[in-house]
Amino acid sequence: MATPIPRTIWALGFVSLFMDLSSELIHSLLPVFLVTTLGASALTVGLIEGIAEATANIVKVFSGAISDFFGRRKILLLLGYGLAALTKPLFPLADSVITVFIARFLDRIGKGIRGAPRDALIADVAPANIRGACFGLRQSMDTVGAFLGPILAILLLLLLNGNIKLVLWAAVIPSVIAVMLIVIGVDEPSGVIARPFHSPLKWAVLTRFPVQYWWVVIIGALFTLARFSEAFLVLRAQQMGLAVTWIPLVMVVMSLVYALSAYPAGILSDRMNKKYLLGIGLFFLIFADLALAQATSIPVLMLGVALWGLHMGFSQGILATLVAETTPPELKGTAFGLFNFIGGVFMLLSSLIAGWLWDRYGAEFTFYCGAVFAFLALSLLTIKRTYHRDLSL
């Protein structure tokens, strides 16, 4: 008989769904809002997105260690999702780039507070034989929200005659629902004990992680460097003349493909070599970059966006599963935090590089460079190590 997925995993999936619906409704319109309404450059968009996502990942390193210390994850989930919900009204109220930056910064701090404890809680409650499926399910439901958010944005733009600020107000409601679901639906496992607090950046803590874990961190960092912010997909659609009302379709297509592929990829990762699945994900990213660079029509643009979504589905949940499998049980939160901290540094770097390349050399060259970074990550992935067999990598 198949092992059922625990109730808390489903609850966390719905929490992610509603919060991502809220966030992606905003995110699908924010680059256009910044460029067309507030006069920002592509480099500015890259800077805002890079700092925001880097902030989230840097905060995760400490929230993960704190959750290990208390032995409780739920309170940090409430704090992180609650802060994100409180920031949603700031976006429609913004009348300058600085205000948008502050709102995005605070929103990502909330994401950073909740991210590592949430992944650690999944690792706590997920049965070992379906751990990949549990991470994949949570990721898929998160991406369903990312799919529904832009669809809602399109419908509201049609109803409200393209008034972006009014549409952004709709993001408040699903964010509140997400917080309520944590209160009533998320339970922590019994018997979890508090542990001594160790700074996650302390050398004595870093040396407790095996070499397999650090190999996963390196691979994850290169994945992040190769995949810059999805804001540039939105800007590419605008550059090609897609009407503002329909620009959120970019995020709809990417998120739909991501949602449909993440859970099956998670199931496959429980049954086959994860190295092959990650390699497939990088091939999808290379072809996505090439399609986006060469696109001269909307169908080709959407093909590139769909391939980008397949890359996400074949990488994000699998990398999270590898982190869970290569770390001591008492340091799961710290492990996810460190993984995301290093990923955050590379996310900032990749977004800044993409913004600078876009302003200086154009969109096509930016995506060609993305393909080169993805090829370098693929090259590293193919390097043979004796411990690959231990990781199913």
# chains A, B, ... in the order shown; residues from 1 in each chain; ligands from 1
call {"tool": "residues_around", "arguments": {"residues": "His311 in chain A", "least_positions_apart": "2", "cutoff": "6 Å", "atoms": "only C-alpha atoms", "output": "VMD selection string"}}
result
chain A and resid 281 284 to 285 308 to 309 313 to 314
call {"tool": "write_last_selection", "arguments": {"atoms": "C-alpha atoms", "output": "PDB file, in the first residue's frame"}}
result
ATOM      1  CA  GLY A 281      16.636  20.471 -16.215  1.00  0.00           C
ATOM      2  CA  PHE A 284      15.688  22.718 -20.723  1.00  0.00           C
ATOM      3  CA  LEU A 285      17.259  25.966 -19.466  1.00  0.00           C
ATOM      4  CA  TRP A 308      12.095  27.748 -18.541  1.00  0.00           C
ATOM      5  CA  GLY A 309       9.208  26.310 -16.487  1.00  0.00           C
ATOM      6  CA  GLY A 313      10.215  21.699 -12.340  1.00  0.00           C
ATOM      7  CA  PHE A 314      13.246  19.470 -12.883  1.00  0.00           C
TER       8      PHE A 314
END
call {"tool": "select_by_dssp", "arguments": {"residues": "range 230-374 of chain A", "states": "alpha helix (DSSP H)", "output": "VMD selection string"}}
result
chain A and resid 231 to 239 249 to 269 274 to 294 298 to 313 316 to 325 332 to 361 363 to 374
call {"tool": "write_last_selection", "arguments": {"atoms": "C-alpha atoms", "output": "CSV table (one decimal), in the first residue's frame"}}
result
chain,number,residue,atom,x,y,z
A,231,ALA,CA,11.3,39.6,-14.3
A,232,PHE,CA,13.5,39.5,-17.5
A,233,LEU,CA,11.0,37.1,-19.1
A,234,VAL,CA,8.3,39.8,-18.5
A,235,LEU,CA,10.5,42.5,-19.9
A,236,ARG,CA,11.2,40.4,-23.0
A,237,ALA,CA,7.5,40.0,-23.6
A,238,GLN,CA,7.0,43.8,-23.3
A,239,GLN,CA,9.9,44.4,-25.6
A,249,LEU,CA,0.5,35.3,-19.7
A,250,VAL,CA,4.3,34.9,-19.5
A,251,MET,CA,4.1,33.9,-15.9
A,252,VAL,CA,1.0,31.8,-16.5
A,253,VAL,CA,2.7,29.6,-19.1
A,254,MET,CA,5.9,29.3,-17.0
A,255,SER,CA,4.1,28.5,-13.8
A,256,LEU,CA,1.7,26.0,-15.4
A,257,VAL,CA,4.5,24.0,-16.9
A,258,TYR,CA,6.5,24.3,-13.6
A,259,ALA,CA,3.4,23.1,-11.6
A,260,LEU,CA,2.8,20.2,-14.0
A,261,SER,CA,6.4,19.0,-14.0
A,262,ALA,CA,7.5,19.5,-10.4
A,263,TYR,CA,5.5,16.7,-8.7
A,264,PRO,CA,6.3,14.1,-11.4
A,265,ALA,CA,9.9,15.1,-11.2
A,266,GLY,CA,9.8,14.6,-7.5
A,267,ILE,CA,8.4,11.1,-7.8
A,268,LEU,CA,11.0,10.2,-10.4
A,269,SER,CA,13.7,11.5,-8.1
A,274,LYS,CA,18.9,12.6,-9.5
A,275,LYS,CA,21.9,13.6,-11.5
A,276,TYR,CA,20.1,12.7,-14.8
A,277,LEU,CA,17.0,14.7,-13.8
A,278,LEU,CA,19.1,17.8,-12.9
A,279,GLY,CA,21.0,17.4,-16.2
A,280,ILE,CA,17.6,17.3,-18.1
A,281,GLY,CA,16.6,20.5,-16.2
A,282,LEU,CA,19.8,22.3,-17.4
A,283,PHE,CA,19.2,21.2,-21.0
A,284,PHE,CA,15.7,22.7,-20.7
A,285,LEU,CA,17.3,26.0,-19.5
A,286,ILE,CA,19.8,26.1,-22.3
A,287,PHE,CA,17.1,25.7,-24.9
A,288,ALA,CA,14.9,28.2,-23.1
A,289,ASP,CA,17.6,30.8,-23.3
A,290,LEU,CA,18.3,30.1,-26.9
A,291,ALA,CA,14.6,30.4,-27.8
A,292,LEU,CA,14.2,33.6,-25.8
A,293,ALA,CA,17.3,35.1,-27.5
A,294,GLN,CA,16.2,34.2,-31.0
A,298,ILE,CA,5.1,35.5,-29.5
A,299,PRO,CA,4.8,31.7,-30.0
A,300,VAL,CA,8.5,31.3,-30.0
A,301,LEU,CA,8.7,33.5,-26.9
A,302,MET,CA,6.1,31.3,-25.1
A,303,LEU,CA,8.1,28.2,-26.1
A,304,GLY,CA,11.1,29.6,-24.4
A,305,VAL,CA,9.0,30.5,-21.3
A,306,ALA,CA,7.6,26.9,-21.2
A,307,LEU,CA,11.1,25.4,-21.4
A,308,TRP,CA,12.1,27.7,-18.5
A,309,GLY,CA,9.2,26.3,-16.5
A,310,LEU,CA,10.3,22.8,-17.3
A,311,HIS,CA,13.8,23.6,-16.0
A,312,MET,CA,12.3,24.8,-12.7
A,313,GLY,CA,10.2,21.7,-12.3
A,316,GLN,CA,14.0,23.1,-7.5
A,317,GLY,CA,12.3,20.3,-5.7
A,318,ILE,CA,15.1,17.8,-6.5
A,319,LEU,CA,17.8,20.2,-5.1
A,320,ALA,CA,15.7,20.6,-1.9
A,321,THR,CA,15.4,16.8,-1.6
A,322,LEU,CA,19.2,16.4,-2.0
A,323,VAL,CA,19.7,19.0,0.8
A,324,ALA,CA,17.4,16.9,3.1
A,325,GLU,CA,19.2,13.7,2.2
A,332,LYS,CA,18.1,20.4,8.7
A,333,GLY,CA,17.0,24.0,9.2
A,334,THR,CA,20.6,25.2,9.2
A,335,ALA,CA,21.3,23.2,6.1
A,336,PHE,CA,18.5,24.7,4.1
A,337,GLY,CA,19.4,28.1,5.4
A,338,LEU,CA,23.0,27.8,4.3
A,339,PHE,CA,21.9,26.4,0.9
A,340,ASN,CA,19.6,29.4,0.3
A,341,PHE,CA,22.1,31.9,1.7
A,342,ILE,CA,24.7,30.9,-0.9
A,343,GLY,CA,22.0,30.8,-3.6
A,344,GLY,CA,20.9,34.3,-2.6
A,345,VAL,CA,24.4,35.7,-3.2
A,346,PHE,CA,24.5,34.1,-6.6
A,347,MET,CA,20.9,35.3,-7.3
A,348,LEU,CA,22.0,38.9,-6.7
A,349,LEU,CA,25.0,38.4,-8.9
A,350,SER,CA,23.0,36.9,-11.7
A,351,SER,CA,20.3,39.5,-11.7
A,352,LEU,CA,22.9,42.4,-11.7
A,353,ILE,CA,24.7,40.8,-14.6
A,354,ALA,CA,21.5,40.3,-16.5
A,355,GLY,CA,20.4,43.9,-16.0
A,356,TRP,CA,23.8,45.3,-17.0
A,357,LEU,CA,24.0,43.1,-20.1
A,358,TRP,CA,20.4,44.0,-21.0
A,359,ASP,CA,21.0,47.7,-20.8
A,360,ARG,CA,24.4,47.6,-22.5
A,361,TYR,CA,24.1,44.8,-25.1
A,363,ALA,CA,18.0,41.2,-24.5
A,364,GLU,CA,19.4,38.7,-27.0
A,365,PHE,CA,22.9,38.8,-25.7
A,366,THR,CA,21.6,38.5,-22.1
A,367,PHE,CA,19.8,35.2,-22.9
A,368,TYR,CA,22.8,33.9,-24.8
A,369,CYS,CA,25.0,34.5,-21.8
A,370,GLY,CA,22.4,32.7,-19.7
A,371,ALA,CA,22.8,29.7,-22.0
A,372,VAL,CA,26.5,29.7,-21.5
A,373,PHE,CA,26.2,29.8,-17.7
A,374,ALA,CA,23.7,26.9,-17.9
call {"tool": "residues_around", "arguments": {"residues": "Ile184 in chain A", "least_positions_apart": "2", "cutoff": "12 Å", "atoms": "only C-alpha atoms", "output": "MDAnalysis selection string"}}
result
chainID A and resid 7:8 11:12 14:15 74 78 177:182 186:188
call {"tool": "atom_distance", "arguments": {"atom1": "CA of Leu121 in chain A", "atom2": "CA of Pro174 in chain A"}}
result
22.4 Å
call {"tool": "atom_distance", "arguments": {"atom1": "CA of Gln212 in chain A", "atom2": "CA of Phe135 in chain A"}}
result
19.4 Å
call {"tool": "atom_distance", "arguments": {"atom1": "CA of Val32 in chain A", "atom2": "CA of Leu157 in chain A"}}
result
13.3 Å
call {"tool": "closest_residue", "arguments": {"among": "A:Ala377, A:Ile9, A:Ala116, A:Leu43", "to": "Ser63 in chain A", "atoms": "only C-alpha atoms"}}
result
A:Ala116
call {"tool": "residues_around", "arguments": {"residues": "Thr87 in chain A", "least_positions_apart": "6", "cutoff": "10 Å", "atoms": "only C-alpha atoms", "output": "count of residues only"}}
result
10
call {"tool": "residues_around", "arguments": {"residues": "Leu76 in chain A", "least_positions_apart": "6", "cutoff": "7 Å", "atoms": "only C-alpha atoms", "output": "short mmCIF file (atom, residue, chain, number, x, y, z; two decimals) with C-alpha atoms, in the first residue's frame"}}
result
data_model
loop_
_atom_site.label_atom_id
_atom_site.label_comp_id
_atom_site.auth_asym_id
_atom_site.auth_seq_id
_atom_site.Cartn_x
_atom_site.Cartn_y
_atom_site.Cartn_z
CA ILE A 113 12.05 33.95 7.68
CA ARG A 114 9.66 31.21 6.57
CA PRO A 117 11.86 26.36 8.60
#
